[in-house]
>>> print(open('final_20.cif').read())   # mmCIF, C-alpha atoms
data_model
loop_
_atom_site.group_PDB
_atom_site.id
_atom_site.type_symbol
_atom_site.label_atom_id
_atom_site.label_comp_id
_atom_site.auth_asym_id
_atom_site.auth_seq_id
_atom_site.Cartn_x
_atom_site.Cartn_y
_atom_site.Cartn_z
ATOM 1 C CA MET A 1 -45.335 -3.011 1.100
ATOM 2 C CA ARG A 2 -42.811 -5.361 -0.496
ATOM 3 C CA ARG A 3 -41.166 -2.398 -2.176
ATOM 4 C CA ARG A 4 -40.730 -0.615 1.149
ATOM 5 C CA VAL A 5 -39.273 -3.701 2.784
ATOM 6 C CA ALA A 6 -36.864 -4.174 -0.115
ATOM 7 C CA ASP A 7 -35.825 -0.505 0.031
ATOM 8 C CA SER A 8 -35.327 -0.718 3.793
ATOM 9 C CA VAL A 9 -33.151 -3.813 3.462
ATOM 10 C CA ALA A 10 -31.138 -2.162 0.686
ATOM 11 C CA ILE A 11 -30.576 0.948 2.803
ATOM 12 C CA LEU A 12 -29.531 -1.182 5.791
ATOM 13 C CA VAL A 13 -27.050 -3.166 3.685
ATOM 14 C CA ALA A 14 -25.663 0.061 2.230
ATOM 15 C CA LEU A 15 -25.167 1.542 5.706
ATOM 16 C CA VAL A 16 -23.415 -1.595 6.959
ATOM 17 C CA THR A 17 -21.167 -1.532 3.880
ATOM 18 C CA VAL A 18 -20.307 2.159 4.117
ATOM 19 C CA PHE A 19 -19.802 2.292 7.897
ATOM 20 C CA PRO A 20 -16.210 0.901 7.900
ATOM 21 C CA ILE A 21 -15.241 3.516 5.307
ATOM 22 C CA TYR A 22 -16.887 6.235 7.387
ATOM 23 C CA TRP A 23 -15.052 5.066 10.516
ATOM 24 C CA MET A 24 -11.752 4.995 8.641
ATOM 25 C CA VAL A 25 -12.126 8.593 7.445
ATOM 26 C CA LEU A 26 -13.398 9.677 10.856
ATOM 27 C CA SER A 27 -10.403 8.112 12.611
ATOM 28 C CA ALA A 28 -8.094 9.852 10.162
ATOM 29 C CA LEU A 29 -9.632 13.204 11.155
ATOM 30 C CA LYS A 30 -9.820 12.572 14.905
ATOM 31 C CA PRO A 31 -7.118 13.819 17.278
ATOM 32 C CA THR A 32 -4.981 11.087 18.789
ATOM 33 C CA GLY A 33 -6.633 11.475 22.179
ATOM 34 C CA GLU A 34 -10.093 10.759 20.768
ATOM 35 C CA ILE A 35 -8.839 7.735 18.834
ATOM 36 C CA LEU A 36 -7.363 6.182 21.970
ATOM 37 C CA SER A 37 -10.305 7.135 24.156
ATOM 38 C CA ALA A 38 -12.046 4.335 26.053
ATOM 39 C CA ASP A 39 -15.362 5.866 25.004
ATOM 40 C CA PRO A 40 -15.158 6.207 21.197
ATOM 41 C CA ARG A 41 -17.776 8.364 19.533
ATOM 42 C CA PRO A 42 -18.997 8.225 15.907
ATOM 43 C CA TRP A 43 -18.192 11.917 15.433
ATOM 44 C CA THR A 44 -15.573 14.509 16.278
ATOM 45 C CA LEU A 45 -15.877 18.162 17.151
ATOM 46 C CA HIS A 46 -12.161 18.825 16.690
ATOM 47 C CA PRO A 47 -11.106 17.485 13.258
ATOM 48 C CA THR A 48 -7.439 17.650 12.410
ATOM 49 C CA LEU A 49 -5.270 17.056 9.353
ATOM 50 C CA ASP A 50 -2.173 16.147 11.359
ATOM 51 C CA HIS A 51 -2.504 12.457 10.527
ATOM 52 C CA PHE A 52 -2.662 13.219 6.802
ATOM 53 C CA ARG A 53 0.435 15.395 7.082
ATOM 54 C CA SER A 54 2.160 12.545 8.905
ATOM 55 C CA ALA A 55 1.186 10.072 6.174
ATOM 56 C CA LEU A 56 2.280 12.363 3.344
ATOM 57 C CA GLY A 57 5.506 13.079 5.211
ATOM 58 C CA VAL A 58 6.602 9.441 5.177
ATOM 59 C CA SER A 59 9.925 9.126 3.382
ATOM 60 C CA GLY A 60 9.336 7.800 -0.129
ATOM 61 C CA PHE A 61 5.532 8.121 0.004
ATOM 62 C CA GLY A 62 5.398 9.700 -3.457
ATOM 63 C CA ARG A 63 7.642 6.989 -4.865
ATOM 64 C CA TYR A 64 5.517 4.249 -3.299
ATOM 65 C CA PHE A 65 2.397 5.857 -4.743
ATOM 66 C CA LEU A 66 3.900 6.012 -8.234
ATOM 67 C CA ASN A 67 5.050 2.382 -8.062
ATOM 68 C CA SER A 68 1.572 1.212 -7.040
ATOM 69 C CA LEU A 69 0.006 3.245 -9.831
ATOM 70 C CA VAL A 70 2.381 1.840 -12.453
ATOM 71 C CA VAL A 71 1.755 -1.748 -11.340
ATOM 72 C CA ALA A 72 -2.029 -1.328 -11.149
ATOM 73 C CA LEU A 73 -2.378 0.374 -14.540
ATOM 74 C CA ALA A 74 -0.075 -2.166 -16.206
ATOM 75 C CA VAL A 75 -2.133 -5.040 -14.782
ATOM 76 C CA VAL A 76 -5.380 -3.387 -15.915
ATOM 77 C CA ALA A 77 -4.147 -2.840 -19.482
ATOM 78 C CA LEU A 78 -2.586 -6.280 -19.916
ATOM 79 C CA SER A 79 -5.438 -8.186 -18.266
ATOM 80 C CA ALA A 80 -8.044 -6.369 -20.369
ATOM 81 C CA LEU A 81 -6.205 -7.188 -23.605
ATOM 82 C CA VAL A 82 -5.393 -10.814 -22.806
ATOM 83 C CA ALA A 83 -8.769 -11.552 -21.214
ATOM 84 C CA PHE A 84 -10.607 -10.036 -24.167
ATOM 85 C CA LEU A 85 -8.753 -12.151 -26.722
ATOM 86 C CA ALA A 86 -9.009 -15.286 -24.569
ATOM 87 C CA ALA A 87 -12.745 -14.785 -23.972
ATOM 88 C CA VAL A 88 -13.363 -14.427 -27.706
ATOM 89 C CA ALA A 89 -11.335 -17.550 -28.448
ATOM 90 C CA LEU A 90 -13.095 -19.617 -25.763
ATOM 91 C CA THR A 91 -16.548 -18.412 -26.827
ATOM 92 C CA ARG A 92 -16.433 -18.223 -30.606
ATOM 93 C CA TYR A 93 -14.100 -21.125 -31.398
ATOM 94 C CA ARG A 94 -14.457 -24.796 -30.537
ATOM 95 C CA PHE A 95 -11.362 -26.890 -29.915
ATOM 96 C CA ARG A 96 -10.568 -30.025 -27.968
ATOM 97 C CA THR A 97 -9.014 -28.536 -24.826
ATOM 98 C CA ARG A 98 -11.508 -25.689 -24.347
ATOM 99 C CA SER A 99 -13.348 -27.316 -21.435
ATOM 100 C CA THR A 100 -10.060 -28.260 -19.793
ATOM 101 C CA ILE A 101 -8.854 -24.664 -19.936
ATOM 102 C CA LEU A 102 -12.069 -23.391 -18.376
ATOM 103 C CA VAL A 103 -11.808 -25.925 -15.551
ATOM 104 C CA LEU A 104 -8.214 -24.865 -14.920
ATOM 105 C CA PHE A 105 -9.372 -21.265 -14.620
ATOM 106 C CA LEU A 106 -11.847 -22.311 -11.932
ATOM 107 C CA ILE A 107 -9.199 -24.287 -10.064
ATOM 108 C CA ALA A 108 -6.857 -21.291 -10.169
ATOM 109 C CA GLN A 109 -9.509 -19.203 -8.420
ATOM 110 C CA MET A 110 -9.947 -21.782 -5.658
ATOM 111 C CA VAL A 111 -6.297 -21.994 -4.583
ATOM 112 C CA PRO A 112 -5.485 -19.661 -1.635
ATOM 113 C CA VAL A 113 -3.031 -16.924 -2.494
ATOM 114 C CA GLU A 114 -1.004 -17.578 0.672
ATOM 115 C CA ALA A 115 -0.377 -21.183 -0.392
ATOM 116 C CA LEU A 116 1.252 -19.991 -3.615
ATOM 117 C CA SER A 117 3.498 -17.286 -2.199
ATOM 118 C CA ILE A 118 6.501 -19.549 -1.550
ATOM 119 C CA PRO A 119 6.367 -21.456 -4.890
ATOM 120 C CA LEU A 120 5.929 -18.158 -6.719
ATOM 121 C CA PHE A 121 8.910 -16.686 -4.875
ATOM 122 C CA PHE A 122 11.222 -19.381 -6.207
ATOM 123 C CA GLN A 123 9.649 -19.213 -9.652
ATOM 124 C CA ILE A 124 10.122 -15.452 -9.880
ATOM 125 C CA ARG A 125 13.670 -15.787 -8.584
ATOM 126 C CA ASP A 126 14.559 -18.346 -11.265
ATOM 127 C CA LEU A 127 12.703 -16.449 -13.981
ATOM 128 C CA GLY A 128 14.614 -13.280 -13.184
ATOM 129 C CA ARG A 129 17.888 -15.017 -14.021
ATOM 130 C CA THR A 130 16.848 -15.427 -17.650
ATOM 131 C CA VAL A 131 14.230 -12.710 -18.216
ATOM 132 C CA PRO A 132 15.289 -9.198 -17.172
ATOM 133 C CA GLY A 133 12.742 -7.001 -15.451
ATOM 134 C CA VAL A 134 10.587 -9.727 -13.894
ATOM 135 C CA GLY A 135 12.856 -11.072 -11.160
ATOM 136 C CA LEU A 136 12.958 -10.292 -7.458
ATOM 137 C CA ASN A 137 13.111 -6.623 -6.425
ATOM 138 C CA THR A 138 11.418 -5.499 -9.657
ATOM 139 C CA LEU A 139 7.989 -4.074 -10.375
ATOM 140 C CA GLY A 140 7.723 -6.486 -13.292
ATOM 141 C CA SER A 141 7.411 -9.395 -10.873
ATOM 142 C CA LEU A 142 4.379 -7.774 -9.242
ATOM 143 C CA VAL A 143 2.783 -7.082 -12.622
ATOM 144 C CA LEU A 144 3.333 -10.654 -13.760
ATOM 145 C CA VAL A 145 1.893 -12.262 -10.617
ATOM 146 C CA GLN A 146 -1.082 -9.914 -10.339
ATOM 147 C CA LEU A 147 -1.818 -10.475 -14.021
ATOM 148 C CA ALA A 148 -1.862 -14.221 -13.471
ATOM 149 C CA PHE A 149 -4.342 -13.903 -10.596
ATOM 150 C CA SER A 150 -6.669 -11.428 -12.326
ATOM 151 C CA LEU A 151 -6.925 -13.232 -15.675
ATOM 152 C CA PRO A 152 -9.084 -16.242 -14.654
ATOM 153 C CA PHE A 153 -11.822 -14.027 -13.219
ATOM 154 C CA ALA A 154 -11.613 -11.578 -16.115
ATOM 155 C CA ILE A 155 -11.831 -14.302 -18.749
ATOM 156 C CA TRP A 156 -14.776 -16.025 -17.075
ATOM 157 C CA MET A 157 -16.646 -12.743 -16.770
ATOM 158 C CA LEU A 158 -15.936 -11.588 -20.321
ATOM 159 C CA ARG A 159 -17.105 -14.923 -21.731
ATOM 160 C CA GLY A 160 -20.632 -14.001 -20.736
ATOM 161 C CA PHE A 161 -20.423 -10.622 -22.436
ATOM 162 C CA VAL A 162 -18.986 -12.099 -25.625
ATOM 163 C CA ALA A 163 -21.654 -14.819 -25.671
ATOM 164 C CA ALA A 164 -24.343 -12.131 -25.316
ATOM 165 C CA VAL A 165 -23.287 -10.560 -28.621
ATOM 166 C CA PRO A 166 -25.270 -12.271 -31.417
ATOM 167 C CA PRO A 167 -23.009 -14.068 -33.877
ATOM 168 C CA GLU A 168 -25.092 -12.484 -36.638
ATOM 169 C CA VAL A 169 -23.404 -9.164 -35.874
ATOM 170 C CA GLU A 170 -20.020 -10.614 -36.797
ATOM 171 C CA GLU A 171 -21.460 -12.460 -39.787
ATOM 172 C CA ALA A 172 -22.945 -9.232 -41.118
ATOM 173 C CA ALA A 173 -19.587 -7.486 -40.728
ATOM 174 C CA THR A 174 -17.851 -10.358 -42.511
ATOM 175 C CA MET A 175 -20.316 -10.069 -45.405
ATOM 176 C CA ASP A 176 -19.451 -6.383 -45.649
ATOM 177 C CA GLY A 177 -15.784 -7.303 -46.066
ATOM 178 C CA ALA A 178 -14.514 -6.633 -42.526
ATOM 179 C CA SER A 179 -11.435 -8.545 -41.471
ATOM 180 C CA ARG A 180 -11.231 -10.511 -38.220
ATOM 181 C CA PHE A 181 -9.040 -7.801 -36.710
ATOM 182 C CA THR A 182 -11.588 -5.125 -37.650
ATOM 183 C CA ILE A 183 -14.413 -7.162 -36.120
ATOM 184 C CA LEU A 184 -12.469 -7.521 -32.860
ATOM 185 C CA CYS A 185 -11.488 -3.863 -32.586
ATOM 186 C CA ARG A 186 -14.508 -2.027 -34.003
ATOM 187 C CA ILE A 187 -17.420 -4.345 -33.205
ATOM 188 C CA LEU A 188 -16.761 -6.770 -30.358
ATOM 189 C CA PHE A 189 -14.550 -4.497 -28.282
ATOM 190 C CA PRO A 190 -17.089 -1.619 -28.012
ATOM 191 C CA LEU A 191 -19.968 -4.027 -27.387
ATOM 192 C CA ILE A 192 -18.336 -5.728 -24.406
ATOM 193 C CA ALA A 193 -16.971 -2.479 -22.956
ATOM 194 C CA PRO A 194 -19.164 -2.827 -19.812
ATOM 195 C CA GLY A 195 -17.530 -6.183 -19.074
ATOM 196 C CA LEU A 196 -14.072 -4.767 -19.666
ATOM 197 C CA ALA A 197 -14.836 -1.912 -17.268
ATOM 198 C CA ALA A 198 -16.011 -4.323 -14.557
ATOM 199 C CA THR A 199 -12.956 -6.565 -14.880
ATOM 200 C CA SER A 200 -10.688 -3.521 -14.971
ATOM 201 C CA VAL A 201 -12.052 -2.336 -11.620
ATOM 202 C CA PHE A 202 -11.421 -5.773 -10.131
ATOM 203 C CA SER A 203 -7.887 -5.917 -11.550
ATOM 204 C CA PHE A 204 -7.075 -2.393 -10.381
ATOM 205 C CA ILE A 205 -8.297 -2.991 -6.818
ATOM 206 C CA THR A 206 -6.466 -6.319 -6.565
ATOM 207 C CA ALA A 207 -3.157 -4.905 -7.790
ATOM 208 C CA TRP A 208 -3.471 -1.632 -5.869
ATOM 209 C CA ASN A 209 -4.149 -3.261 -2.503
ATOM 210 C CA ASP A 210 -1.588 -6.045 -2.835
ATOM 211 C CA PHE A 211 0.659 -6.361 0.182
ATOM 212 C CA LEU A 212 1.637 -10.038 0.318
ATOM 213 C CA PHE A 213 3.501 -10.264 -2.983
ATOM 214 C CA ALA A 214 4.929 -6.751 -2.692
ATOM 215 C CA LYS A 215 6.459 -7.699 0.641
ATOM 216 C CA THR A 216 7.564 -11.133 -0.626
ATOM 217 C CA PHE A 217 9.192 -10.172 -3.933
ATOM 218 C CA ILE A 218 10.570 -6.715 -3.097
ATOM 219 C CA ILE A 219 13.236 -7.642 -0.578
ATOM 220 C CA SER A 220 16.027 -5.074 -0.647
ATOM 221 C CA ALA A 221 15.068 -2.572 -3.372
ATOM 222 C CA THR A 222 13.115 -0.144 -1.190
ATOM 223 C CA GLU A 223 12.746 2.221 -4.151
ATOM 224 C CA ASN A 224 10.470 -0.381 -5.758
ATOM 225 C CA GLN A 225 8.174 -0.831 -2.767
ATOM 226 C CA THR A 226 4.491 -0.128 -3.296
ATOM 227 C CA LEU A 227 2.118 2.028 -1.280
ATOM 228 C CA PRO A 228 0.872 -0.629 1.190
ATOM 229 C CA ALA A 229 4.446 -0.821 2.466
ATOM 230 C CA ALA A 230 4.100 2.778 3.674
ATOM 231 C CA LEU A 231 1.562 1.591 6.232
ATOM 232 C CA LEU A 232 4.261 -0.399 8.029
ATOM 233 C CA VAL A 233 5.835 2.841 9.188
ATOM 234 C CA PHE A 234 2.879 3.439 11.501
ATOM 235 C CA PHE A 235 3.020 -0.018 13.100
ATOM 236 C CA LYS A 236 5.332 0.206 16.079
ATOM 237 C CA PRO A 237 6.331 -2.355 18.730
ATOM 238 C CA ASP A 238 5.015 -0.318 21.661
ATOM 239 C CA GLU A 239 1.951 1.438 20.214
ATOM 240 C CA ASN A 240 0.504 1.704 16.722
ATOM 241 C CA ASP A 241 -0.225 5.105 15.208
ATOM 242 C CA TRP A 242 -3.852 4.415 14.289
ATOM 243 C CA GLY A 243 -4.423 7.951 13.095
ATOM 244 C CA GLY A 244 -1.577 7.664 10.607
ATOM 245 C CA ILE A 245 -2.750 4.203 9.545
ATOM 246 C CA MET A 246 -6.275 5.444 8.863
ATOM 247 C CA ALA A 247 -5.025 8.567 7.087
ATOM 248 C CA ALA A 248 -2.746 6.529 4.817
ATOM 249 C CA SER A 249 -5.572 4.047 4.179
ATOM 250 C CA THR A 250 -7.883 6.924 3.237
ATOM 251 C CA LEU A 251 -5.310 8.277 0.800
ATOM 252 C CA MET A 252 -4.962 4.798 -0.681
ATOM 253 C CA THR A 253 -8.710 4.650 -1.263
ATOM 254 C CA VAL A 254 -8.838 7.850 -3.325
ATOM 255 C CA PRO A 255 -7.206 6.452 -6.517
ATOM 256 C CA VAL A 256 -9.603 3.477 -6.454
ATOM 257 C CA LEU A 257 -12.579 5.834 -6.271
ATOM 258 C CA VAL A 258 -11.162 7.989 -9.056
ATOM 259 C CA PHE A 259 -10.644 4.947 -11.269
ATOM 260 C CA PHE A 260 -14.167 3.720 -10.552
ATOM 261 C CA VAL A 261 -15.650 7.120 -11.452
ATOM 262 C CA PHE A 262 -13.590 7.093 -14.646
ATOM 263 C CA VAL A 263 -15.056 3.767 -15.837
ATOM 264 C CA ARG A 264 -18.536 3.944 -14.268
ATOM 265 C CA ARG A 265 -20.220 5.069 -17.473
ATOM 266 C CA ARG A 266 -19.091 1.894 -19.151
ATOM 267 C CA LEU A 267 -20.327 -0.158 -16.223
ATOM 268 C CA VAL A 268 -23.901 1.018 -16.610
ATOM 269 C CA SER A 269 -24.037 1.039 -20.403
ATOM 270 C CA GLY A 270 -25.637 -1.885 -22.146
ATOM 271 C CA LEU A 271 -24.922 -3.804 -25.274
ATOM 272 C CA GLY A 272 -25.726 -1.970 -28.469
ATOM 273 C CA GLY A 273 -25.519 -2.463 -32.183
ATOM 274 C CA ALA A 274 -27.729 -3.650 -34.941
ATOM 275 C CA VAL A 275 -27.954 -6.766 -37.077
ATOM 276 C CA LYS A 276 -28.039 -6.373 -40.801
ATOM 277 C CA ASP A 277 -30.741 -8.370 -42.533
#
>>> encode(input="final_20.cif", output="C-alpha cells")
Amino acid sequence: MRRRVADSVAILVALVTVFPIYWMVLSALKPTGEILSADPRPWTLHPTLDHFRSALGVSGFGRYFLNSLVVALAVVALSALVAFLAAVALTRYRFRTRSTILVLFLIAQMVPVEALSIPLFFQIRDLGRTVPGVGLNTLGSLVLVQLAFSLPFAIWMLRGFVAAVPPEVEEAATMDGASRFTILCRILFPLIAPGLAATSVFSFITAWNDFLFAKTFIISATENQTLPAALLVFFKPDENDWGGIMAASTLMTVPVLVFFVFVRRRLVSGLGGAVKD
C-alpha cells in the first residue's frame, strides 16, 4: 500500500514538472489562432511548424546560438577543473582559512544575482581596460561572471564526492610510486566523475539560460549577443508573438537535453576502485 502511494505521488510530481514543458512545445506547434483563443485546449489537431521557421529566421539566430554554446561549454570546462582542484584542496588538506573559505562560498550563494549586476558591470568595465577579452561587449565577460557564480555550488558538491573516496586509495597509490598529479588525474578524477557530471549540468544550464548578464554586459556588440536575446524579437509593444517565443524556447531546450543525455551515464555511475592491502 505504501509503495502504491509513493508511486502515485511520484507520478503526480512528474506530471506537474513535465506539464510546463509539454505546454511550451504544444504552444510552439499550435496555430496563432489557437494560441490566442479564449478557450485554450491541451491539444491541437492542426500542428504547424511556422513558429519554428519564424524563430530560425531571426537575423543572427545561428550566431546567437554559437555564442551561447561557446560560453556554456567554456564555463563547464573551467568550473569542472577549478572546482575539482578546489574540492580536493579543501577536503584533503587542512589549513587555517579553510573554514572561512567554505563560509564565503555559502554567503556567495545567498546573495541575489540582481543585487550584484550593477557592481559587476563596473568591475567588468574596469577589468576590460587592463585585461583584454573580458571587458564589456565580450563573451569573456559572460564566461568570467558565470564561472564565478557556478563555482561555489560546484565546490560544495564535489567536496562530498572527494570525501567519499577513502584516503587509503591515495595512500596505496603513493606506496606504488604514483605522483600527486597522477593520483589526481588517474584515481580521484575518475572516481568523482558522477559529481563532475552533476555540477557540469548545473553550470551548463546556468550559463545557457543567462539573460541578465548577457543583456547587461553586451551593450553595443550585437554579434556577441547570446541566444536568450533572440527571444526579445518576439516581444512587441502591441502584441507578443507567443508562438515564436515558445518555438524559440523549445529550440533553446534541445541543447540542454542533449548535454544531459551526454553526461547521464556518469550521473548514475557510482564510486569504484579497490584498496590495496
>>> axis_aligned_box(input="final_20.cif", around="stretch 122-135 of chain A", padding_each_side="5 Å", output="lines of an AutoDock Vina configuration file")
center_x = 13.8
center_y = -13.2
center_z = -12.2
size_x = 18.2
size_y = 22.4
size_z = 22.0
>>> residues_around(input="final_20.cif", residues="A:Lys215", least_positions_apart="2", cutoff="12 Å", atoms="only C-alpha atoms", output="list in words")
Ser117, Phe121, Leu136, Asn137, Thr138, Leu139, Ser141, Leu142, Asn209, Asp210, Phe211, Leu212, Phe213, Phe217, Ile218, Ile219, Ser220, Ala221, Thr222, Asn224, Gln225, Thr226, Leu227, Pro228, Ala229, Ala230, Leu231 and Leu232 of chain A
>>> resolve_selection(input="final_20.cif", expression="the PyMOL selection byres ((chain A and resi 146) around 10)", output="list in words")
Val71, Ala72, Ala74, Val75, Val76, Ser79, Gly140, Ser141, Leu142, Val143, Leu144, Val145, Leu147, Ala148, Phe149, Ser150, Leu151, Ser203, Phe204, Thr206, Ala207, Trp208, Asp210 and Phe213 of chain A
>>> residues_around(input="final_20.cif", residues="A:Ala198", least_positions_apart="3", cutoff="12 Å", atoms="all atoms listed in the file", output="compact mmCIF listing (two decimals) with C-alpha atoms, in the frame of the given file")
# COMPACT_ATOMS: atom_id res chain seq x y z
CA VAL A 76 -5.38 -3.39 -15.92
CA SER A 79 -5.44 -8.19 -18.27
CA ALA A 80 -8.04 -6.37 -20.37
CA SER A 150 -6.67 -11.43 -12.33
CA PHE A 153 -11.82 -14.03 -13.22
CA ALA A 154 -11.61 -11.58 -16.11
CA ILE A 155 -11.83 -14.30 -18.75
CA MET A 157 -16.65 -12.74 -16.77
CA LEU A 158 -15.94 -11.59 -20.32
CA PHE A 161 -20.42 -10.62 -22.44
CA ILE A 192 -18.34 -5.73 -24.41
CA ALA A 193 -16.97 -2.48 -22.96
CA PRO A 194 -19.16 -2.83 -19.81
CA GLY A 195 -17.53 -6.18 -19.07
CA VAL A 201 -12.05 -2.34 -11.62
CA PHE A 202 -11.42 -5.77 -10.13
CA SER A 203 -7.89 -5.92 -11.55
CA PHE A 204 -7.08 -2.39 -10.38
CA ILE A 205 -8.30 -2.99 -6.82
CA PHE A 259 -10.64 4.95 -11.27
CA PHE A 260 -14.17 3.72 -10.55
CA VAL A 261 -15.65 7.12 -11.45
CA PHE A 262 -13.59 7.09 -14.65
CA VAL A 263 -15.06 3.77 -15.84
CA ARG A 264 -18.54 3.94 -14.27
CA ARG A 265 -20.22 5.07 -17.47
CA ARG A 266 -19.09 1.89 -19.15
CA LEU A 267 -20.33 -0.16 -16.22
CA VAL A 268 -23.90 1.02 -16.61
CA SER A 269 -24.04 1.04 -20.40
>>> atom_distance(input="final_20.cif", atom1="atom CA of A:Arg53", atom2="atom CA of A:Ala248")
9.7 Å
>>> atom_distance(input="final_20.cif", atom1="atom CA of A:Tyr22", atom2="atom CA of A:Val258")
17.5 Å
>>> atom_distance(input="final_20.cif", atom1="atom CA of A:Phe234", atom2="atom CA of A:Ala55")
8.7 Å
>>> residues_around(input="final_20.cif", residues="stretch 108-111 of chain A", least_positions_apart="2", cutoff="8 Å", atoms="all atoms listed in the file", output="list of chain:residue names")
A:Leu104, A:Phe105, A:Leu106, A:Val113, A:Ala115, A:Leu116, A:Phe149, A:Pro152, A:Phe153
>>> closest_residue(input="final_20.cif", among="A:Ala173, A:Glu168, A:Ile124, A:Ala163", to="A:Ala89", atoms="all atoms listed in the file")
A:Ala163
>>> closest_residue(input="final_20.cif", among="A:Val18, A:Leu26, A:Ala197, A:Ile183", to="A:Leu45", atoms="all atoms listed in the file")
A:Leu26
>>> resolve_selection(input="final_20.cif", expression="the PyMOL selection byres ((chain A and resi 27-36) around 10)", output="ChimeraX atom specification")
/A:21-26,37-52,241-251
>>> write_last_selection(input="final_20.cif", atoms="C-alpha atoms", output="short mmCIF file (atom, residue, chain, number, x, y, z; two decimals), in the coordinates of the input")
data_model
loop_
_atom_site.label_atom_id
_atom_site.label_comp_id
_atom_site.auth_asym_id
_atom_site.auth_seq_id
_atom_site.Cartn_x
_atom_site.Cartn_y
_atom_site.Cartn_z
CA ILE A 21 -15.24 3.52 5.31
CA TYR A 22 -16.89 6.24 7.39
CA TRP A 23 -15.05 5.07 10.52
CA MET A 24 -11.75 5.00 8.64
CA VAL A 25 -12.13 8.59 7.44
CA LEU A 26 -13.40 9.68 10.86
CA SER A 37 -10.30 7.14 24.16
CA ALA A 38 -12.05 4.34 26.05
CA ASP A 39 -15.36 5.87 25.00
CA PRO A 40 -15.16 6.21 21.20
CA ARG A 41 -17.78 8.36 19.53
CA PRO A 42 -19.00 8.22 15.91
CA TRP A 43 -18.19 11.92 15.43
CA THR A 44 -15.57 14.51 16.28
CA LEU A 45 -15.88 18.16 17.15
CA HIS A 46 -12.16 18.82 16.69
CA PRO A 47 -11.11 17.48 13.26
CA THR A 48 -7.44 17.65 12.41
CA LEU A 49 -5.27 17.06 9.35
CA ASP A 50 -2.17 16.15 11.36
CA HIS A 51 -2.50 12.46 10.53
CA PHE A 52 -2.66 13.22 6.80
CA ASP A 241 -0.22 5.11 15.21
CA TRP A 242 -3.85 4.42 14.29
CA GLY A 243 -4.42 7.95 13.10
CA GLY A 244 -1.58 7.66 10.61
CA ILE A 245 -2.75 4.20 9.54
CA MET A 246 -6.28 5.44 8.86
CA ALA A 247 -5.03 8.57 7.09
CA ALA A 248 -2.75 6.53 4.82
CA SER A 249 -5.57 4.05 4.18
CA THR A 250 -7.88 6.92 3.24
CA LEU A 251 -5.31 8.28 0.80
#
>>> decode(input="final_20.cif", residues="stretch 120-139 of chain A", atoms="C-alpha atoms", output="compact mmCIF listing (two decimals), in the first residue's frame")
# COMPACT_ATOMS: atom_id res chain seq x y z
CA LEU A 120 29.71 43.61 -11.60
CA PHE A 121 29.04 45.95 -14.52
CA PHE A 122 31.54 48.49 -13.22
CA GLN A 123 34.00 45.77 -12.26
CA ILE A 124 33.90 44.21 -15.72
CA ARG A 125 34.20 47.64 -17.31
CA ASP A 126 37.32 48.46 -15.29
CA LEU A 127 38.79 44.99 -15.75
CA GLY A 128 38.41 45.25 -19.51
CA ARG A 129 40.72 48.27 -19.56
CA THR A 130 43.64 46.17 -18.35
CA VAL A 131 42.74 42.60 -19.34
CA PRO A 132 41.76 42.13 -23.00
CA GLY A 133 38.88 39.81 -23.79
CA VAL A 134 36.96 40.12 -20.52
CA GLY A 135 35.58 43.65 -20.74
CA LEU A 136 32.16 44.88 -21.81
CA ASN A 137 30.80 43.64 -25.15
CA THR A 138 32.90 40.46 -24.98
CA LEU A 139 31.98 36.83 -24.44
